[in-house]
Amino acid sequence: MISLDRVYKSFESPVLRGVTLTAKAGRLLGLVGPPGAGKTVLLRAIAGLVEVDAGKIGILGREMVQCPPRTRRMLQSSIGMLFQNVALFDFMTVGENVAFPLKRRGEDARDVRERVRLELLEVGLSGFEDRMPTGLSGGQRRRVGIARAAVTRPPVLLYDEPAAGLDPVTTSRTFALLQKQRDRLGSTLIVISSDIDRLLPAADEVAVMHQGRILAQGTEREVRARGDPIIEQFLEGRIDGPL
Amino acid sequence: MTAGPPSGSSSGPSDPNSSPSRRALRGSDYAVALSTVREGDVQPMPGFILPHDESRASLLVTLRATFSSLSHTQPSAVVTQAYELGVRSLPFLCLVLAFVGGIIVYQAGIQAMRIVPDTSGIGPGYIELLVRDLAANLTGLMLATRVGASIAAEIGSMKVTDQLDALRLCQADPVAYLVAPRFLACVLVTPILTIIAGACALASGTLVGALAFDIRPQNFLDPRFVTFGGLVTGFLKSAAFGFAIPLVSAHAGLYTRVGSQGVGDATTRAVVGSSIAVIVLGFFIGALMHVLLGGA
Amino acid sequence: MVRFSGALLAGLGQTLVSLVRGVGTQAMVLAAAIGATLRGECDGDELKSALLRLGLGSIPVVVSTAVFVGGLMVVQSAPLLARFGAESYLGWGAGFGILREVGPVLTGLMISGRVGSNNTAELGTLTVTEQVDGLRALAIDPAGYLLAPRVWAIILTTLVGTAISMIVALLGAAAAGLFLLHVHPLTFYNGLTSGMLTWLDVLHGLAKAFAFGVVIATSSTAYGLGATGGPPGVGRAVGSSVVATAVLIFAMDALVSMTARVQ
């Protein structure tokens, strides 16, 4: 469903150094790795917000890299994304934020209201439609971001730290929600999270990224079986090791 | 409105992972996606300039992007910005122009007394200067600071918090949503602000003339030196400033660098760039009009 | 109409109130800077670095603007001079305007925009990232390390910058006078030095430059230190700072112009 082939990207220094990755359709892929590995840049490249220097990114059978504007629009309409700093529009209410992707498609106003209500219900923020983003806690903003990403039921969902700063109960609820999105909508999810303990059980596959490369991809068992010391140290959160 | 899934899609009957219900869902999603691509939109979204293209980012690109999104702008957004940038700047503007007007009349009066103790030319001369030049220049400079800083700070903040990218992902052109309304508002509002502020400067100048040099307001408020060419010059200047300030500032905001100081730096660039634009444009328009109107 | 003028007056009042409040803070900044320097705590390295960053970096802007400012003065006064046949007075008129008014004020505004906002941005960033508090926690009084070097650097920059811009603006005016009004450079020079302009006028301009430097330094510092709310807050602080500084520059200008009754 989403396949990356030897993707390279440098800003002032190399960030992505030949990333090869596959996210199977309708599966949840966890993307983990130490800070600075390039995970966020990778996600943005998949979303078409960053042009890569080399490589291929296939989404829904189309090529994202260097694609014509029409294709890019089509692909981006099929993608929902939660940004690392949530990126809620602070000049709109919560309800307007969540409704925004729907309104951009010209959907009927009544349907929009109903969908927004349902989506906010799913993330546990019923009745928050008229609140302004600035008055919300970090965790609440993140949940609004998840609602906005998912409201169009896109086939591809990209989440950058969906559970950052959330309490344990809300974190569990969030990961449960992600799994529900995978199951009921059939969406393909790529989730970046530093909360390894919660992510690994929820994910179908995991990819470990380090310094711009994918060290391993597969089920948790397969990845651990690689015997890579970096992977081992990271997944177990040990202090001593190559990292 | 509804089209089938595009040809060549990888998901289809052969995909073992898709159940019929999932496939149908994806099909309709494609349909919705395609239907959002309007026919005239085959150009790359101008506001879509990607981060690594910053080295290729130029003011001209932003200019072109702004112009092509003018037709997509919502009038309500323009009105909101006209209030924010225009009405809210008025107190500041009137204060400054009142100050400056007073100072100029004062200085002119002193010099006149020094050379030829005839104060009859001060009022008419001042009015002529105001109309042709001073009101526009000063309003432009002050707007360059206030409006320039405001636009750059707002757009820049949105950039560093990824809101611009969030807009792009939802197929909303940041230029059409953010830049174009501010641009239009400035173009429309600057000449009006110039007139109002100029009136304040006139009032304070008359006051100073009366209090410091005993010039009676009736004698002071004599527009006999004002020419049509002068009026045109003043108007052209204020229009040009209303044009340049939002462009320079929005450009600075769109290319804000990430990091805590990024927004502050972008604001600085906007203020400096807009001020320089006002001074340089003011000079060239004035010189041009002078030559055209048979000066040189 | 009544409501509009009511709103206008309210807005004016609000502006003035925030200005007065701001002036109080700025006076405190100045006092802190002076106090720290007198105690010998002004950090030499910081001073050098500030002079380079804030001072040297602003010279190109100041110079390039000054050329056009000089030209602008000529353009402004051209029709009036032509009307009275007073082209030979151009040297004197431009000189008077540039030395006493336009030179200091416009240079002040440009420096406020370039140096002042830079200063506010830097200090604002330090403040919102809590580095200023960090300094205090290390028992380092920010006044000697942060405030004093910047304040002196900015005042010096404004003085030197104004002096340079006055010269450059006069050159620009001479050039514009030649091309637009066919005033020979010698005539211009004669008008300048004919005796109606004296060194007192230059002093007048430099005195203003000093006052503006103080205003820019204290205002930008005060706003920077008061920034809250992350990067957007820094942007807001810069915006408020340049606006307030502009008003204060004009207010100072009026004050000096009208009280320094040099002839």
# chains A, B, ... in the order shown; residues from 1 in each chain; ligands from 1

$ residues_around --residues "region 146-159 of chain C" --least-positions-apart "2" --cutoff "9 Å" --atoms "only C-alpha atoms" --output "PyMOL selection string"
chain C and resi 29-30+32-37+41-52+54-56+58-59+104+107-108+111+115-116+119+123+132+141-144+161-164+206-218+221

$ residues_around --residues "Gly135 (chain A)" --least-positions-apart "6" --cutoff "12 Å" --atoms "only C-alpha atoms" --output "list in words"
Leu88, Asp90, Met92, Thr93, Val94, Phe128 and Arg141 of chain A

$ residues_around --residues "region 215-227 of chain B" --least-positions-apart "3" --cutoff "10 Å" --atoms "only C-alpha atoms" --output "count of residues only"
32

$ residues_around --residues "Gly273 (chain B)" --least-positions-apart "2" --cutoff "9 Å" --atoms "only C-alpha atoms" --output "PDB file with N, CA and C atoms, in the first residue's frame"
ATOM      1  N   ALA B 144       4.604  50.037   7.474  1.00  0.00           N
ATOM      2  CA  ALA B 144       5.656  49.041   7.273  1.00  0.00           C
ATOM      3  C   ALA B 144       6.044  48.424   8.610  1.00  0.00           C
ATOM      4  N   GLY B 148       3.615  45.304   8.756  1.00  0.00           N
ATOM      5  CA  GLY B 148       4.661  44.369   8.353  1.00  0.00           C
ATOM      6  C   GLY B 148       4.978  43.378   9.463  1.00  0.00           C
ATOM      7  N   ILE B 245       4.072  46.414   1.012  1.00  0.00           N
ATOM      8  CA  ILE B 245       4.243  46.021   2.408  1.00  0.00           C
ATOM      9  C   ILE B 245       3.727  44.605   2.680  1.00  0.00           C
ATOM     10  N   VAL B 248       6.097  41.868   0.938  1.00  0.00           N
ATOM     11  CA  VAL B 248       7.398  41.656   1.567  1.00  0.00           C
ATOM     12  C   VAL B 248       7.228  40.939   2.904  1.00  0.00           C
ATOM     13  N   SER B 249       6.247  41.370   3.681  1.00  0.00           N
ATOM     14  CA  SER B 249       6.061  40.776   5.007  1.00  0.00           C
ATOM     15  C   SER B 249       5.561  39.354   4.919  1.00  0.00           C
ATOM     16  N   ALA B 252       8.378  37.114   4.051  1.00  0.00           N
ATOM     17  CA  ALA B 252       9.221  36.829   5.214  1.00  0.00           C
ATOM     18  C   ALA B 252       8.551  35.799   6.111  1.00  0.00           C
ATOM     19  N   THR B 268      11.639  40.806  11.951  1.00  0.00           N
ATOM     20  CA  THR B 268      12.666  41.810  11.670  1.00  0.00           C
ATOM     21  C   THR B 268      12.837  41.997  10.174  1.00  0.00           C
ATOM     22  N   ARG B 269      12.952  40.881   9.449  1.00  0.00           N
ATOM     23  CA  ARG B 269      13.132  40.965   7.999  1.00  0.00           C
ATOM     24  C   ARG B 269      11.962  41.707   7.360  1.00  0.00           C
ATOM     25  N   ALA B 270      10.766  41.439   7.874  1.00  0.00           N
ATOM     26  CA  ALA B 270       9.586  42.084   7.294  1.00  0.00           C
ATOM     27  C   ALA B 270       9.625  43.586   7.515  1.00  0.00           C
ATOM     28  N   VAL B 271       9.943  44.000   8.734  1.00  0.00           N
ATOM     29  CA  VAL B 271       9.954  45.430   9.039  1.00  0.00           C
ATOM     30  C   VAL B 271      11.026  46.138   8.216  1.00  0.00           C
ATOM     31  N   SER B 275      10.204  48.686   5.163  1.00  0.00           N
ATOM     32  CA  SER B 275      10.642  50.077   5.297  1.00  0.00           C
ATOM     33  C   SER B 275      11.499  50.483   4.112  1.00  0.00           C
ATOM     34  N   ILE B 276      12.431  49.617   3.745  1.00  0.00           N
ATOM     35  CA  ILE B 276      13.274  49.934   2.596  1.00  0.00           C
ATOM     36  C   ILE B 276      12.418  50.078   1.349  1.00  0.00           C
ATOM     37  N   ALA B 277      11.462  49.167   1.193  1.00  0.00           N
ATOM     38  CA  ALA B 277      10.596  49.245   0.016  1.00  0.00           C
ATOM     39  C   ALA B 277       9.862  50.582  -0.020  1.00  0.00           C
ATOM     40  N   VAL B 278       9.366  51.024   1.135  1.00  0.00           N
ATOM     41  CA  VAL B 278       8.632  52.292   1.181  1.00  0.00           C
ATOM     42  C   VAL B 278       9.543  53.444   0.774  1.00  0.00           C
TER      43      VAL B 278
END

$ interface_residues --of "chain C" --to "chain B" --cutoff "8 Å" --atoms "only C-alpha atoms" --output "PyMOL selection string"
chain C and resi 8-9+11-12+15+65+68-69+71-72+75-80+110+113-114+117-118+120-122+125+129+179-182+230-232+234-236+238-240+242-243+246-247+250-251+253-254+257-258

$ write_last_selection --atoms "N, CA and C atoms" --output "short mmCIF file (atom, residue, chain, number, x, y, z; two decimals), in the first residue's frame"
data_model
loop_
_atom_site.label_atom_id
_atom_site.label_comp_id
_atom_site.auth_asym_id
_atom_site.auth_seq_id
_atom_site.Cartn_x
_atom_site.Cartn_y
_atom_site.Cartn_z
N LEU C 8 -12.11 55.76 18.28
CA LEU C 8 -10.77 56.26 17.95
C LEU C 8 -10.09 56.80 19.20
N LEU C 9 -10.85 57.59 19.97
CA LEU C 9 -10.29 58.14 21.19
C LEU C 9 -9.92 57.02 22.17
N GLY C 11 -9.10 54.00 21.40
CA GLY C 11 -7.89 53.35 20.92
C GLY C 11 -6.67 54.19 21.21
N LEU C 12 -6.81 55.51 21.02
CA LEU C 12 -5.72 56.43 21.31
C LEU C 12 -5.34 56.33 22.78
N THR C 15 -3.49 53.21 23.52
CA THR C 15 -2.12 53.28 23.04
C THR C 15 -1.27 54.08 24.00
N THR C 65 19.82 52.96 2.74
CA THR C 65 18.60 53.75 2.90
C THR C 65 18.91 55.23 2.82
N PHE C 68 18.76 56.95 -0.56
CA PHE C 68 17.42 57.23 -1.05
C PHE C 68 16.70 58.28 -0.23
N VAL C 69 17.03 58.33 1.05
CA VAL C 69 16.42 59.36 1.88
C VAL C 69 16.84 60.74 1.40
N GLY C 71 17.77 61.50 -1.60
CA GLY C 71 17.05 61.74 -2.84
C GLY C 71 15.60 62.11 -2.60
N LEU C 72 15.02 61.44 -1.61
CA LEU C 72 13.62 61.69 -1.29
C LEU C 72 13.41 63.12 -0.84
N VAL C 75 13.31 65.22 -3.85
CA VAL C 75 12.05 65.01 -4.56
C VAL C 75 10.90 65.72 -3.86
N GLN C 76 10.93 65.63 -2.54
CA GLN C 76 9.87 66.25 -1.75
C GLN C 76 9.83 67.76 -1.96
N SER C 77 11.00 68.37 -1.91
CA SER C 77 11.00 69.82 -1.93
C SER C 77 11.07 70.39 -3.34
N ALA C 78 11.24 69.51 -4.33
CA ALA C 78 11.44 70.01 -5.70
C ALA C 78 10.35 70.96 -6.19
N PRO C 79 9.07 70.56 -6.14
CA PRO C 79 8.05 71.46 -6.68
C PRO C 79 8.02 72.81 -5.97
N LEU C 80 8.19 72.76 -4.64
CA LEU C 80 8.14 74.01 -3.90
C LEU C 80 9.30 74.93 -4.28
N MET C 110 15.09 53.17 10.92
CA MET C 110 15.71 52.01 10.28
C MET C 110 16.47 51.16 11.29
N GLY C 113 14.12 49.24 13.30
CA GLY C 113 13.64 48.08 12.58
C GLY C 113 14.69 46.99 12.50
N ARG C 114 15.91 47.36 12.18
CA ARG C 114 16.92 46.34 11.96
C ARG C 114 17.52 45.86 13.27
N SER C 117 14.58 45.32 16.46
CA SER C 117 13.80 44.09 16.41
C SER C 117 14.68 42.87 16.54
N ASN C 118 15.90 42.94 16.01
CA ASN C 118 16.82 41.84 16.21
C ASN C 118 17.07 41.62 17.70
N THR C 120 15.16 42.56 20.20
CA THR C 120 13.96 42.03 20.84
C THR C 120 13.82 40.54 20.55
N ALA C 121 14.10 40.15 19.30
CA ALA C 121 13.98 38.74 18.96
C ALA C 121 14.94 37.89 19.76
N GLU C 122 16.19 38.34 19.86
CA GLU C 122 17.16 37.55 20.61
C GLU C 122 16.79 37.45 22.07
N THR C 125 13.66 35.38 22.60
CA THR C 125 13.91 33.95 22.53
C THR C 125 14.54 33.46 23.82
N THR C 129 12.53 30.78 26.25
CA THR C 129 13.14 29.48 26.50
C THR C 129 13.74 29.42 27.89
N PHE C 179 20.40 65.58 -10.95
CA PHE C 179 19.65 64.93 -12.02
C PHE C 179 18.24 65.45 -12.17
N LEU C 180 17.64 65.85 -11.08
CA LEU C 180 16.24 66.25 -11.18
C LEU C 180 16.05 67.75 -11.29
N LEU C 181 16.93 68.49 -10.63
CA LEU C 181 16.72 69.93 -10.61
C LEU C 181 17.85 70.68 -11.29
N HIS C 182 18.80 69.93 -11.83
CA HIS C 182 19.94 70.53 -12.51
C HIS C 182 20.66 71.53 -11.63
N GLY C 230 6.25 31.28 23.74
CA GLY C 230 6.89 30.56 22.64
C GLY C 230 7.19 31.45 21.45
N PRO C 231 7.52 30.81 20.32
CA PRO C 231 7.90 31.58 19.12
C PRO C 231 6.87 32.62 18.71
N PRO C 232 5.56 32.31 18.75
CA PRO C 232 4.61 33.37 18.39
C PRO C 232 4.73 34.57 19.33
N VAL C 234 7.41 35.64 20.72
CA VAL C 234 8.56 36.44 20.31
C VAL C 234 8.19 37.35 19.16
N GLY C 235 7.45 36.80 18.20
CA GLY C 235 7.01 37.62 17.08
C GLY C 235 6.17 38.79 17.52
N ARG C 236 5.25 38.51 18.47
CA ARG C 236 4.40 39.59 18.97
C ARG C 236 5.22 40.65 19.65
N VAL C 238 8.29 41.49 19.09
CA VAL C 238 8.98 42.31 18.09
C VAL C 238 8.03 43.33 17.49
N GLY C 239 6.83 42.89 17.16
CA GLY C 239 5.85 43.81 16.58
C GLY C 239 5.55 44.96 17.51
N SER C 240 5.22 44.64 18.76
CA SER C 240 4.90 45.72 19.71
C SER C 240 6.09 46.64 19.89
N VAL C 242 8.62 47.46 17.82
CA VAL C 242 8.92 48.44 16.76
C VAL C 242 7.87 49.55 16.73
N VAL C 243 6.63 49.18 16.99
CA VAL C 243 5.58 50.20 16.99
C VAL C 243 5.81 51.21 18.10
N ALA C 246 8.76 53.44 17.43
CA ALA C 246 8.49 54.47 16.43
C ALA C 246 7.80 55.67 17.06
N VAL C 247 6.77 55.39 17.85
CA VAL C 247 6.06 56.49 18.49
C VAL C 247 6.99 57.29 19.38
N PHE C 250 9.32 59.60 17.50
CA PHE C 250 8.69 60.85 17.08
C PHE C 250 8.42 61.76 18.25
N ALA C 251 8.04 61.17 19.38
CA ALA C 251 7.80 61.99 20.56
C ALA C 251 9.09 62.68 21.00
N ASP C 253 11.58 63.31 19.13
CA ASP C 253 11.91 64.26 18.10
C ASP C 253 11.20 65.58 18.37
N ALA C 254 9.92 65.48 18.67
CA ALA C 254 9.15 66.69 18.97
C ALA C 254 9.75 67.39 20.17
N SER C 257 13.15 68.96 19.29
CA SER C 257 12.99 70.05 18.33
C SER C 257 12.47 71.30 18.98
N MET C 258 11.47 71.09 19.84
CA MET C 258 10.80 72.28 20.34
C MET C 258 11.47 72.88 21.56
#

$ closest_residue --among "B:Asp162, B:Asp118, B:Glu84, B:Asp173" --to "chain A" --atoms "only C-alpha atoms"
B:Asp162

$ interface_residues --of "chain A" --to "chain B" --cutoff "9 Å" --atoms "only C-alpha atoms" --output "MDAnalysis selection string"
chainID A and resid 1 10:11 24:26 47:52 60:62 68:70 73:90 100:102 104:106 152:155 184:187

$ write_last_selection --atoms "N, CA and C atoms" --output "short mmCIF file (atom, residue, chain, number, x, y, z; two decimals), in the first residue's frame"
data_model
loop_
_atom_site.label_atom_id
_atom_site.label_comp_id
_atom_site.auth_asym_id
_atom_site.auth_seq_id
_atom_site.Cartn_x
_atom_site.Cartn_y
_atom_site.Cartn_z
N MET A 1 0.82 -1.21 0.00
CA MET A 1 0.00 0.00 0.00
C MET A 1 0.86 1.26 0.00
N SER A 10 18.46 15.29 2.01
CA SER A 10 19.37 16.07 2.86
C SER A 10 18.83 17.47 3.01
N PHE A 11 18.95 18.00 4.19
CA PHE A 11 18.80 19.43 4.37
C PHE A 11 20.22 19.98 4.38
N LYS A 24 2.08 -2.53 4.82
CA LYS A 24 1.09 -3.35 4.15
C LYS A 24 -0.29 -2.75 4.31
N ALA A 25 -1.09 -2.95 3.29
CA ALA A 25 -2.42 -2.37 3.28
C ALA A 25 -3.22 -2.83 4.49
N GLY A 26 -3.90 -1.92 5.10
CA GLY A 26 -4.77 -2.27 6.21
C GLY A 26 -4.04 -2.72 7.45
N ALA A 47 3.78 12.12 3.11
CA ALA A 47 2.61 12.97 2.93
C ALA A 47 2.79 13.96 1.80
N GLY A 48 3.95 13.93 1.17
CA GLY A 48 4.16 14.82 0.04
C GLY A 48 4.43 16.26 0.44
N LEU A 49 4.79 16.50 1.70
CA LEU A 49 5.06 17.86 2.14
C LEU A 49 6.53 18.21 2.01
N VAL A 50 7.34 17.21 1.74
CA VAL A 50 8.77 17.44 1.55
C VAL A 50 9.18 16.70 0.29
N GLU A 51 9.84 17.40 -0.60
CA GLU A 51 10.31 16.74 -1.82
C GLU A 51 11.62 16.03 -1.52
N VAL A 52 11.71 14.76 -1.82
CA VAL A 52 12.94 14.03 -1.52
C VAL A 52 13.93 14.20 -2.67
N LEU A 60 -0.84 4.00 -2.66
CA LEU A 60 -2.08 3.62 -3.35
C LEU A 60 -1.82 3.39 -4.84
N GLY A 61 -0.66 2.87 -5.13
CA GLY A 61 -0.36 2.54 -6.51
C GLY A 61 0.15 3.70 -7.33
N ARG A 62 0.23 4.91 -6.75
CA ARG A 62 0.75 6.03 -7.52
C ARG A 62 2.10 6.43 -6.94
N PRO A 68 2.91 14.94 -10.79
CA PRO A 68 2.21 16.16 -11.22
C PRO A 68 1.22 16.61 -10.16
N PRO A 69 0.89 17.89 -10.15
CA PRO A 69 0.05 18.43 -9.08
C PRO A 69 -1.27 17.68 -8.89
N ARG A 70 -1.86 17.26 -9.98
CA ARG A 70 -3.13 16.55 -9.90
C ARG A 70 -3.01 15.29 -9.05
N ARG A 73 -2.52 16.08 -5.40
CA ARG A 73 -3.78 16.43 -4.74
C ARG A 73 -4.58 15.19 -4.41
N MET A 74 -4.63 14.29 -5.37
CA MET A 74 -5.42 13.09 -5.16
C MET A 74 -4.85 12.29 -4.00
N LEU A 75 -3.53 12.14 -4.02
CA LEU A 75 -2.91 11.36 -2.96
C LEU A 75 -3.09 12.03 -1.61
N GLN A 76 -2.91 13.34 -1.56
CA GLN A 76 -3.02 14.01 -0.27
C GLN A 76 -4.44 13.99 0.26
N SER A 77 -5.40 13.95 -0.66
CA SER A 77 -6.77 13.84 -0.18
C SER A 77 -7.03 12.48 0.45
N SER A 78 -6.16 11.53 0.14
CA SER A 78 -6.35 10.19 0.70
C SER A 78 -5.54 9.99 1.96
N ILE A 79 -4.85 11.04 2.41
CA ILE A 79 -3.98 10.91 3.57
C ILE A 79 -4.50 11.78 4.70
N GLY A 80 -4.52 11.22 5.90
CA GLY A 80 -4.79 12.03 7.08
C GLY A 80 -3.55 12.02 7.94
N MET A 81 -3.18 13.17 8.51
CA MET A 81 -1.93 13.22 9.24
C MET A 81 -2.08 13.96 10.56
N LEU A 82 -1.43 13.42 11.57
CA LEU A 82 -1.30 14.13 12.84
C LEU A 82 0.14 14.59 12.94
N PHE A 83 0.37 15.91 13.04
CA PHE A 83 1.72 16.44 13.08
C PHE A 83 2.28 16.36 14.50
N GLN A 84 3.58 16.44 14.59
CA GLN A 84 4.22 16.31 15.88
C GLN A 84 3.81 17.43 16.83
N ASN A 85 3.67 18.65 16.32
CA ASN A 85 3.16 19.70 17.19
C ASN A 85 1.70 20.01 16.89
N VAL A 86 0.99 19.00 16.47
CA VAL A 86 -0.45 18.97 16.31
C VAL A 86 -0.95 19.93 15.23
N ALA A 87 -0.43 21.15 15.20
CA ALA A 87 -0.76 22.08 14.13
C ALA A 87 -2.25 22.35 14.00
N LEU A 88 -2.94 22.55 15.11
CA LEU A 88 -4.33 22.96 15.00
C LEU A 88 -4.36 24.41 14.54
N PHE A 89 -5.37 24.75 13.77
CA PHE A 89 -5.50 26.13 13.31
C PHE A 89 -6.03 26.96 14.47
N ASP A 90 -5.17 27.84 15.01
CA ASP A 90 -5.63 28.52 16.22
C ASP A 90 -6.57 29.67 15.96
N PHE A 100 -12.68 21.03 8.92
CA PHE A 100 -11.95 21.64 7.81
C PHE A 100 -11.71 20.70 6.63
N PRO A 101 -11.14 19.50 6.86
CA PRO A 101 -10.89 18.63 5.70
C PRO A 101 -12.18 18.27 4.96
N LEU A 102 -13.28 18.15 5.70
CA LEU A 102 -14.54 17.81 5.05
C LEU A 102 -15.05 18.99 4.24
N ARG A 104 -13.37 21.24 2.85
CA ARG A 104 -12.55 21.44 1.66
C ARG A 104 -13.06 20.59 0.51
N ARG A 105 -13.77 19.50 0.86
CA ARG A 105 -14.30 18.65 -0.21
C ARG A 105 -15.69 19.07 -0.63
N GLY A 106 -16.18 20.11 -0.01
CA GLY A 106 -17.51 20.56 -0.39
C GLY A 106 -18.62 19.66 0.10
N THR A 152 -11.99 12.34 7.54
CA THR A 152 -12.37 12.03 6.16
C THR A 152 -12.28 10.54 5.86
N ARG A 153 -12.05 9.72 6.90
CA ARG A 153 -11.88 8.27 6.72
C ARG A 153 -10.87 7.97 5.62
N PRO A 154 -9.69 8.54 5.70
CA PRO A 154 -8.74 8.35 4.60
C PRO A 154 -8.16 6.94 4.61
N PRO A 155 -7.78 6.44 3.47
CA PRO A 155 -7.15 5.13 3.42
C PRO A 155 -5.77 5.08 4.04
N ARG A 184 -11.84 -1.06 11.36
CA ARG A 184 -13.14 -0.71 10.79
C ARG A 184 -13.01 0.02 9.47
N LEU A 185 -12.04 0.87 9.35
CA LEU A 185 -11.92 1.64 8.11
C LEU A 185 -11.03 0.96 7.09
N GLY A 186 -10.28 -0.02 7.55
CA GLY A 186 -9.36 -0.66 6.63
C GLY A 186 -8.21 0.25 6.24
N SER A 187 -7.94 1.24 7.07
CA SER A 187 -6.88 2.17 6.72
C SER A 187 -5.52 1.57 7.00
#
